[in-house]
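Undergrad: Next comes coords.csv, CSV, C-alpha atoms:
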```
chain,number,residue,atom,x,y,z
E,241,MET,CA,-22.5,8.4,42.2
E,242,THR,CA,-25.2,9.4,39.7
E,243,PRO,CA,-26.3,13.0,39.5
E,244,GLU,CA,-29.8,14.0,40.6
E,245,PRO,CA,-32.2,14.8,37.7
E,246,PRO,CA,-32.8,18.5,37.2
E,247,ALA,CA,-36.0,19.9,38.8
E,248,THR,CA,-38.8,20.1,36.4
E,249,ARG,CA,-41.9,22.4,36.4
E,250,ARG,CA,-44.1,19.4,37.3
E,251,MET,CA,-41.9,18.5,40.3
E,252,TRP,CA,-42.0,22.1,41.4
E,253,LEU,CA,-45.8,22.3,41.1
E,254,GLN,CA,-46.3,19.0,42.9
E,255,ALA,CA,-44.1,20.3,45.8
E,256,CYS,CA,-46.2,23.5,45.9
E,257,LEU,CA,-49.5,21.6,45.8
E,258,THR,CA,-48.3,19.3,48.5
E,259,ALA,CA,-47.3,22.3,50.7
E,260,LEU,CA,-50.8,23.8,50.1
E,261,GLY,CA,-52.5,20.5,50.9
E,262,ALA,CA,-50.5,20.4,54.2
E,263,GLN,CA,-52.0,23.8,55.1
E,264,GLY,CA,-55.5,22.4,54.7
E,265,LEU,CA,-56.4,24.2,51.5
E,266,PRO,CA,-59.0,22.5,49.3
E,267,ALA,CA,-57.5,20.0,46.9
E,268,THR,CA,-60.8,18.3,45.9
E,269,ALA,CA,-64.1,19.4,44.5
E,270,PRO,CA,-65.3,22.7,45.8
E,271,THR,CA,-67.6,22.6,48.7
E,272,PRO,CA,-70.5,25.0,49.6
E,273,GLY,CA,-68.3,26.2,52.4
E,274,ALA,CA,-65.4,27.3,50.1
E,275,SER,CA,-64.2,30.8,50.7
E,276,TYR,CA,-64.7,33.4,47.9
E,277,LEU,CA,-63.0,36.7,47.0
E,278,ARG,CA,-64.9,39.7,45.7
E,279,LEU,CA,-64.1,40.8,42.2
E,280,LYS,CA,-62.7,44.3,41.7
E,281,GLU,CA,-65.8,45.1,39.6
E,282,PRO,CA,-68.9,42.9,39.1
E,283,VAL,CA,-69.4,41.5,35.6
E,284,SER,CA,-72.9,42.1,34.3
E,285,ILE,CA,-74.5,39.9,31.5
E,286,ALA,CA,-78.0,40.2,30.2
E,287,VAL,CA,-80.0,37.1,30.6
E,288,GLY,CA,-81.5,37.6,27.2
E,289,ASP,CA,-78.0,37.1,25.7
E,290,LEU,CA,-77.8,33.5,27.1
E,291,GLN,CA,-78.8,30.6,24.9
E,292,PRO,CA,-78.5,27.0,26.0
E,293,TRP,CA,-74.9,25.7,25.7
E,294,ARG,CA,-73.7,29.0,24.1
E,295,PRO,CA,-71.0,30.2,26.5
E,296,HIS,CA,-70.7,33.9,27.2
E,297,PRO,CA,-67.0,34.6,27.9
E,298,PHE,CA,-65.9,37.2,30.4
E,299,SER,CA,-62.8,38.5,32.2
E,300,ALA,CA,-62.6,39.7,35.8
E,301,TRP,CA,-60.0,41.2,38.0
E,302,VAL,CA,-59.5,40.0,41.5
E,303,ASP,CA,-57.0,40.9,44.2
E,304,LYS,CA,-54.8,38.0,45.3
E,305,PRO,CA,-54.2,38.5,49.1
E,306,ALA,CA,-50.7,38.9,50.4
E,307,ALA,CA,-49.2,35.6,51.5
E,308,GLU,CA,-46.0,34.6,53.2
E,309,GLY,CA,-43.2,36.4,51.4
E,310,GLU,CA,-45.5,37.6,48.6
E,311,PRO,CA,-47.2,40.9,48.2
E,312,ALA,CA,-50.9,41.3,47.3
E,313,ALA,CA,-51.3,41.3,43.5
E,314,GLU,CA,-54.1,41.7,40.9
E,315,ARG,CA,-55.0,38.6,38.8
E,316,LEU,CA,-57.0,38.5,35.7
E,317,LEU,CA,-59.3,35.5,35.5
E,318,LYS,CA,-61.2,34.3,32.4
E,319,GLY,CA,-64.5,32.7,32.8
E,320,ILE,CA,-67.7,31.7,31.0
E,321,LEU,CA,-71.3,32.0,31.9
E,322,VAL,CA,-73.3,29.2,30.3
E,323,ARG,CA,-77.0,28.1,30.4
E,324,ALA,CA,-76.6,24.4,31.1
E,325,SER,CA,-80.1,23.6,30.0
E,326,GLY,CA,-83.1,25.1,28.3
E,327,LYS,CA,-84.8,25.8,31.6
E,328,PRO,CA,-85.2,29.5,32.7
E,329,GLY,CA,-83.9,30.8,36.0
E,330,PRO,CA,-80.6,30.8,37.8
E,331,GLU,CA,-80.6,27.0,38.5
E,332,SER,CA,-79.5,26.4,34.9
E,333,LEU,CA,-76.7,29.0,34.9
E,334,ARG,CA,-73.0,28.1,35.5
E,335,ALA,CA,-70.3,30.7,36.0
E,336,LEU,CA,-67.0,28.8,35.7
E,337,CYS,CA,-63.4,29.9,35.7
E,338,LEU,CA,-61.6,28.7,32.5
E,339,HIS,CA,-58.3,28.1,34.2
E,340,CYS,CA,-57.7,24.4,34.7
E,341,PRO,CA,-56.9,23.7,38.4
E,342,HIS,CA,-54.2,21.3,37.3
E,343,GLU,CA,-51.7,23.7,35.7
E,344,LEU,CA,-53.8,26.7,34.8
E,345,CYS,CA,-54.1,26.0,31.1
E,346,TYR,CA,-57.4,27.4,29.6
E,347,VAL,CA,-60.1,24.9,29.2
E,348,GLN,CA,-62.3,24.8,26.1
E,349,LEU,CA,-66.0,24.0,25.6
E,350,VAL,CA,-66.2,21.0,23.3
E,351,GLU,CA,-69.6,20.2,21.7
E,352,ASP,CA,-68.5,17.3,19.5
E,353,LEU,CA,-67.9,14.7,22.1
E,354,GLN,CA,-66.3,12.3,19.7
E,355,HIS,CA,-63.2,14.5,20.3
E,356,VAL,CA,-63.3,14.0,24.1
E,357,ARG,CA,-61.4,11.0,25.6
E,358,LEU,CA,-63.5,9.5,28.4
E,359,GLU,CA,-62.1,6.2,29.7
E,360,GLN,CA,-63.9,5.9,33.0
E,361,SER,CA,-66.9,8.2,32.8
E,362,GLU,CA,-70.2,7.8,31.1
E,363,ARG,CA,-70.5,10.1,28.0
E,364,PRO,CA,-73.1,12.8,28.6
E,365,ASP,CA,-75.4,14.3,26.0
E,366,HIS,CA,-74.2,17.8,26.5
E,367,PRO,CA,-70.9,19.8,25.9
E,368,LEU,CA,-68.0,19.4,28.2
E,369,LEU,CA,-65.0,21.6,29.2
E,370,VAL,CA,-61.7,20.0,28.3
E,371,CYS,CA,-58.1,21.1,29.1
E,372,PRO,CA,-56.0,20.8,25.9
E,373,CYS,CA,-52.8,20.5,27.9
E,374,HIS,CA,-53.3,17.4,29.9
E,375,PHE,CA,-56.9,16.4,29.0
E,376,SER,CA,-58.7,16.9,32.2
E,377,VAL,CA,-62.5,16.8,31.5
E,378,PHE,CA,-65.1,18.8,33.4
E,379,ASP,CA,-68.9,18.8,33.3
E,380,PRO,CA,-70.4,22.2,33.2
E,381,GLN,CA,-73.8,20.8,33.9
E,382,LYS,CA,-72.5,19.6,37.3
E,383,GLU,CA,-71.0,22.9,38.3
E,384,GLY,CA,-67.7,22.1,36.5
E,385,ALA,CA,-67.1,18.8,38.3
E,386,LEU,CA,-64.0,16.8,37.3
E,387,LEU,CA,-64.9,13.7,35.2
E,388,GLU,CA,-61.4,12.5,34.3
E,389,GLY,CA,-57.8,13.6,34.1
E,390,PRO,CA,-54.9,14.7,36.3
E,391,ALA,CA,-56.7,17.6,37.9
E,392,GLU,CA,-57.5,16.9,41.5
E,393,ARG,CA,-60.7,19.0,41.7
E,394,GLY,CA,-63.4,20.6,39.6
E,395,LEU,CA,-63.2,24.0,38.0
E,396,PHE,CA,-63.1,27.1,40.1
E,397,ARG,CA,-66.6,28.7,40.4
E,398,PHE,CA,-67.8,32.3,40.3
E,399,ARG,CA,-70.7,33.4,42.5
E,400,PHE,CA,-73.4,35.4,40.9
E,401,GLN,CA,-76.7,37.0,41.6
E,402,MET,CA,-79.7,37.6,39.4
E,403,ARG,CA,-81.1,41.2,39.3
E,404,ASP,CA,-84.0,41.7,37.1
E,405,ASP,CA,-82.8,40.4,33.7
E,406,VAL,CA,-79.1,40.7,34.5
E,407,VAL,CA,-76.6,38.2,35.9
E,408,GLU,CA,-74.1,39.9,38.1
E,409,ILE,CA,-70.9,37.9,38.7
E,410,ARG,CA,-69.4,39.2,41.9
E,411,GLU,CA,-67.0,36.6,43.5
E,412,VAL,CA,-64.7,33.8,42.7
E,413,GLU,CA,-63.4,30.9,44.7
E,414,ALA,CA,-60.3,32.0,46.6
E,415,ALA,CA,-58.5,28.9,45.6
E,416,ALA,CA,-58.5,30.2,42.0
E,417,VAL,CA,-55.8,32.8,42.9
E,418,LEU,CA,-53.9,31.1,45.7
```
Let's see the structure in the file written out as structure tokens.

TA:
Amino acid sequence: MTPEPPATRRMWLQACLTALGAQGLPATAPTPGASYLRLKEPVSIAVGDLQPWRPHPFSAWVDKPAAEGEPAAERLLKGILVRASGKPGPESLRALCLHCPHELCYVQLVEDLQHVRLEQSERPDHPLLVCPCHFSVFDPQKEGALLEGPAERGLFRFRFQMRDDVVEIREVEAAAVL
């Protein structure tokens, strides 16, 4: 009789993701009907500070709701606000969580696309967000959509509002802290 292999982190995460999927939680690209959680404090960023493809990093605290056997907890999320084109207005702005949905490594904005491995997707003419751990690639111009890699969905998104010349980031997809 051969001994069973020891449980690995990946096996544990796969079991957790399978259990979450069985509960009907989103496992694919975020939808307009995705649920959002309010940040503890809104993040305000002046529109004048935003240049095309120059990310403006920010951090935000959110309360993770209590779940079966787990108490509520605070989570610190890191994000970027980026103007994904030279066009003015909120349509060109993207507020994305920098935690890769695969295993929560921090994604990085890569401008030199020669350093991005794309095997199935067309190479765009703008920077991409890449996870250095397992090489998932996300397109900030398409709301953080997954292009390639082991992640099963796009990046988690923050909701924001424009007030005068300020962007107020107020909410994050609930799946970012589940």

Undergrad: What is the CA of Glu308 (chain E) to CA of Pro282 (chain E) distance in Å?

TA: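 According to the coordinates, CA of Glu308 (chain E) and CA of Pro282 (chain E) are separated by 28.1 Å.
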
Undergrad: To one decimal in Å, tell me the separation between CA of Gln348 (chain E) and CA of Leu369 (chain E).

TA: 5.2 Å

Undergrad: Which residue gives the smallest distance to Tyr346 (chain E) among E:Ala307, E:Ile285, E:Leu395, E:Val412, with all atoms listed in the file counted?

TA: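 Using all atoms listed in the file, Tyr346 (chain E) sits closest to E:Leu395.
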
Undergrad: Could you pull the residues within 10 Å of Ala300 (chain E), counting all atoms listed in the file, minus those fewer than 6 positions along the same chain, as a PDB file with C-alpha atoms, keeping the file's coordinate frame?

TA:
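The result, stored in out.pdb:
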```
ATOM      1  CA  LEU E 279     -64.100  40.800  42.200  1.00  0.00           C
ATOM      2  CA  LYS E 280     -62.700  44.300  41.700  1.00  0.00           C
ATOM      3  CA  GLU E 281     -65.800  45.100  39.600  1.00  0.00           C
ATOM      4  CA  PRO E 282     -68.900  42.900  39.100  1.00  0.00           C
ATOM      5  CA  VAL E 283     -69.400  41.500  35.600  1.00  0.00           C
ATOM      6  CA  ARG E 315     -55.000  38.600  38.800  1.00  0.00           C
ATOM      7  CA  LEU E 316     -57.000  38.500  35.700  1.00  0.00           C
ATOM      8  CA  LEU E 317     -59.300  35.500  35.500  1.00  0.00           C
ATOM      9  CA  LYS E 318     -61.200  34.300  32.400  1.00  0.00           C
ATOM     10  CA  GLY E 319     -64.500  32.700  32.800  1.00  0.00           C
ATOM     11  CA  CYS E 337     -63.400  29.900  35.700  1.00  0.00           C
ATOM     12  CA  ILE E 409     -70.900  37.900  38.700  1.00  0.00           C
ATOM     13  CA  ARG E 410     -69.400  39.200  41.900  1.00  0.00           C
ATOM     14  CA  GLU E 411     -67.000  36.600  43.500  1.00  0.00           C
ATOM     15  CA  VAL E 412     -64.700  33.800  42.700  1.00  0.00           C
TER      16      VAL E 412
END
```

Undergrad: E:Leu418, E:Ala385, E:Val377, E:Leu338: which is nearest Arg357 (chain E), counting only C-alpha atoms?

TA: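 Of the candidates, the smallest distance to Arg357 (chain E) is held by E:Val377.
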
Undergrad: Find the distance between CA of Pro328 (chain E) and CA of Ser299 (chain E) and write it in Å to one decimal.

TA: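 Interatomic distance here is 24.1 Å.
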
Undergrad: At a cut-off of 6 Å, using only C-alpha atoms, what residues contact Arg323 (chain E)? Leave out same-chain residues fewer than 5 positions from it and give the result as a ChimeraX atom specification.

TA: /E:292-293,332-333

Undergrad: Since we have the selection now, will you write its residues out, keeping C-alpha atoms, as a PDB file, keeping the file's coordinate frame?

TA:
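Saved result, selection-v7.pdb, follows:
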```
ATOM      1  CA  PRO E 292     -78.500  27.000  26.000  1.00  0.00           C
ATOM      2  CA  TRP E 293     -74.900  25.700  25.700  1.00  0.00           C
ATOM      3  CA  SER E 332     -79.500  26.400  34.900  1.00  0.00           C
ATOM      4  CA  LEU E 333     -76.700  29.000  34.900  1.00  0.00           C
TER       5      LEU E 333
END
```

Undergrad: Given the choices E:Arg363, E:Arg334, E:Lys304, E:Arg294, which gets closest to Leu387 (chain E) if the distance is worked out from all atoms listed in the file?

TA: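 Of all the options, E:Arg363 lies closest to Leu387 (chain E).
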
Undergrad: Pick from E:Ile320, E:Glu388, E:Cys373, E:Glu314: nearest to Val302 (chain E), with only C-alpha atoms counted?

TA: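 Among E:Ile320, E:Glu388, E:Cys373, E:Glu314, it is E:Glu314 that comes nearest to Val302 (chain E).
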
Undergrad: What's the 7 Å shell around Leu321 (chain E), counting only C-alpha atoms, without same-chain residues fewer than 4 positions away, as a list in words?

TA: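 Surrounding residues, per the criterion: Pro295, His296, Pro297, Leu333, Arg334, Ala335 and Leu336 of chain E.
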
Undergrad: Just the residues within 10 Å of Pro367 (chain E), please, counting only C-alpha atoms, with nothing from its chain fewer than 4 positions along; format it as a PDB file with C-alpha atoms, keeping the file's coordinate frame.

TA:
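Below is the file that was written, part-v3.pdb:
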```pdb
ATOM      1  CA  TRP E 293     -74.900  25.700  25.700  1.00  0.00           C
ATOM      2  CA  ARG E 294     -73.700  29.000  24.100  1.00  0.00           C
ATOM      3  CA  ALA E 324     -76.600  24.400  31.100  1.00  0.00           C
ATOM      4  CA  GLN E 348     -62.300  24.800  26.100  1.00  0.00           C
ATOM      5  CA  LEU E 349     -66.000  24.000  25.600  1.00  0.00           C
ATOM      6  CA  VAL E 350     -66.200  21.000  23.300  1.00  0.00           C
ATOM      7  CA  GLU E 351     -69.600  20.200  21.700  1.00  0.00           C
ATOM      8  CA  ASP E 352     -68.500  17.300  19.500  1.00  0.00           C
ATOM      9  CA  LEU E 353     -67.900  14.700  22.100  1.00  0.00           C
ATOM     10  CA  VAL E 356     -63.300  14.000  24.100  1.00  0.00           C
ATOM     11  CA  ARG E 363     -70.500  10.100  28.000  1.00  0.00           C
ATOM     12  CA  PHE E 378     -65.100  18.800  33.400  1.00  0.00           C
ATOM     13  CA  ASP E 379     -68.900  18.800  33.300  1.00  0.00           C
ATOM     14  CA  PRO E 380     -70.400  22.200  33.200  1.00  0.00           C
ATOM     15  CA  GLN E 381     -73.800  20.800  33.900  1.00  0.00           C
TER      16      GLN E 381
END
```

Undergrad: Which one of E:Pro364, E:Asp405, E:Ala415, E:Glu383 sits closest to Asp289 (chain E) if you count all atoms listed in the file?

TA: E:Asp405

Undergrad: Could you list, as a PDB file with C-alpha atoms, in the frame of the given file, every residue within 8 Å of region 340-344 of chain E, counting all atoms listed in the file and ignoring same-chain residues fewer than 6 positions away?

TA:
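Written file, around_39.pdb:
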```pdb
ATOM      1  CA  CYS E 371     -58.100  21.100  29.100  1.00  0.00           C
ATOM      2  CA  SER E 376     -58.700  16.900  32.200  1.00  0.00           C
ATOM      3  CA  PRO E 390     -54.900  14.700  36.300  1.00  0.00           C
ATOM      4  CA  ALA E 391     -56.700  17.600  37.900  1.00  0.00           C
ATOM      5  CA  GLU E 392     -57.500  16.900  41.500  1.00  0.00           C
ATOM      6  CA  ARG E 393     -60.700  19.000  41.700  1.00  0.00           C
ATOM      7  CA  GLY E 394     -63.400  20.600  39.600  1.00  0.00           C
ATOM      8  CA  LEU E 395     -63.200  24.000  38.000  1.00  0.00           C
ATOM      9  CA  PHE E 396     -63.100  27.100  40.100  1.00  0.00           C
ATOM     10  CA  ALA E 416     -58.500  30.200  42.000  1.00  0.00           C
TER      11      ALA E 416
END
```

Undergrad: Restricting the calculation to all atoms listed in the file, which member of E:Val417, E:Pro311, E:Ser325, E:Ala306 is positioned closest to Asp365 (chain E)?

TA: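 Once distances to Asp365 (chain E) are computed over all atoms listed in the file, the minimum belongs to E:Ser325.
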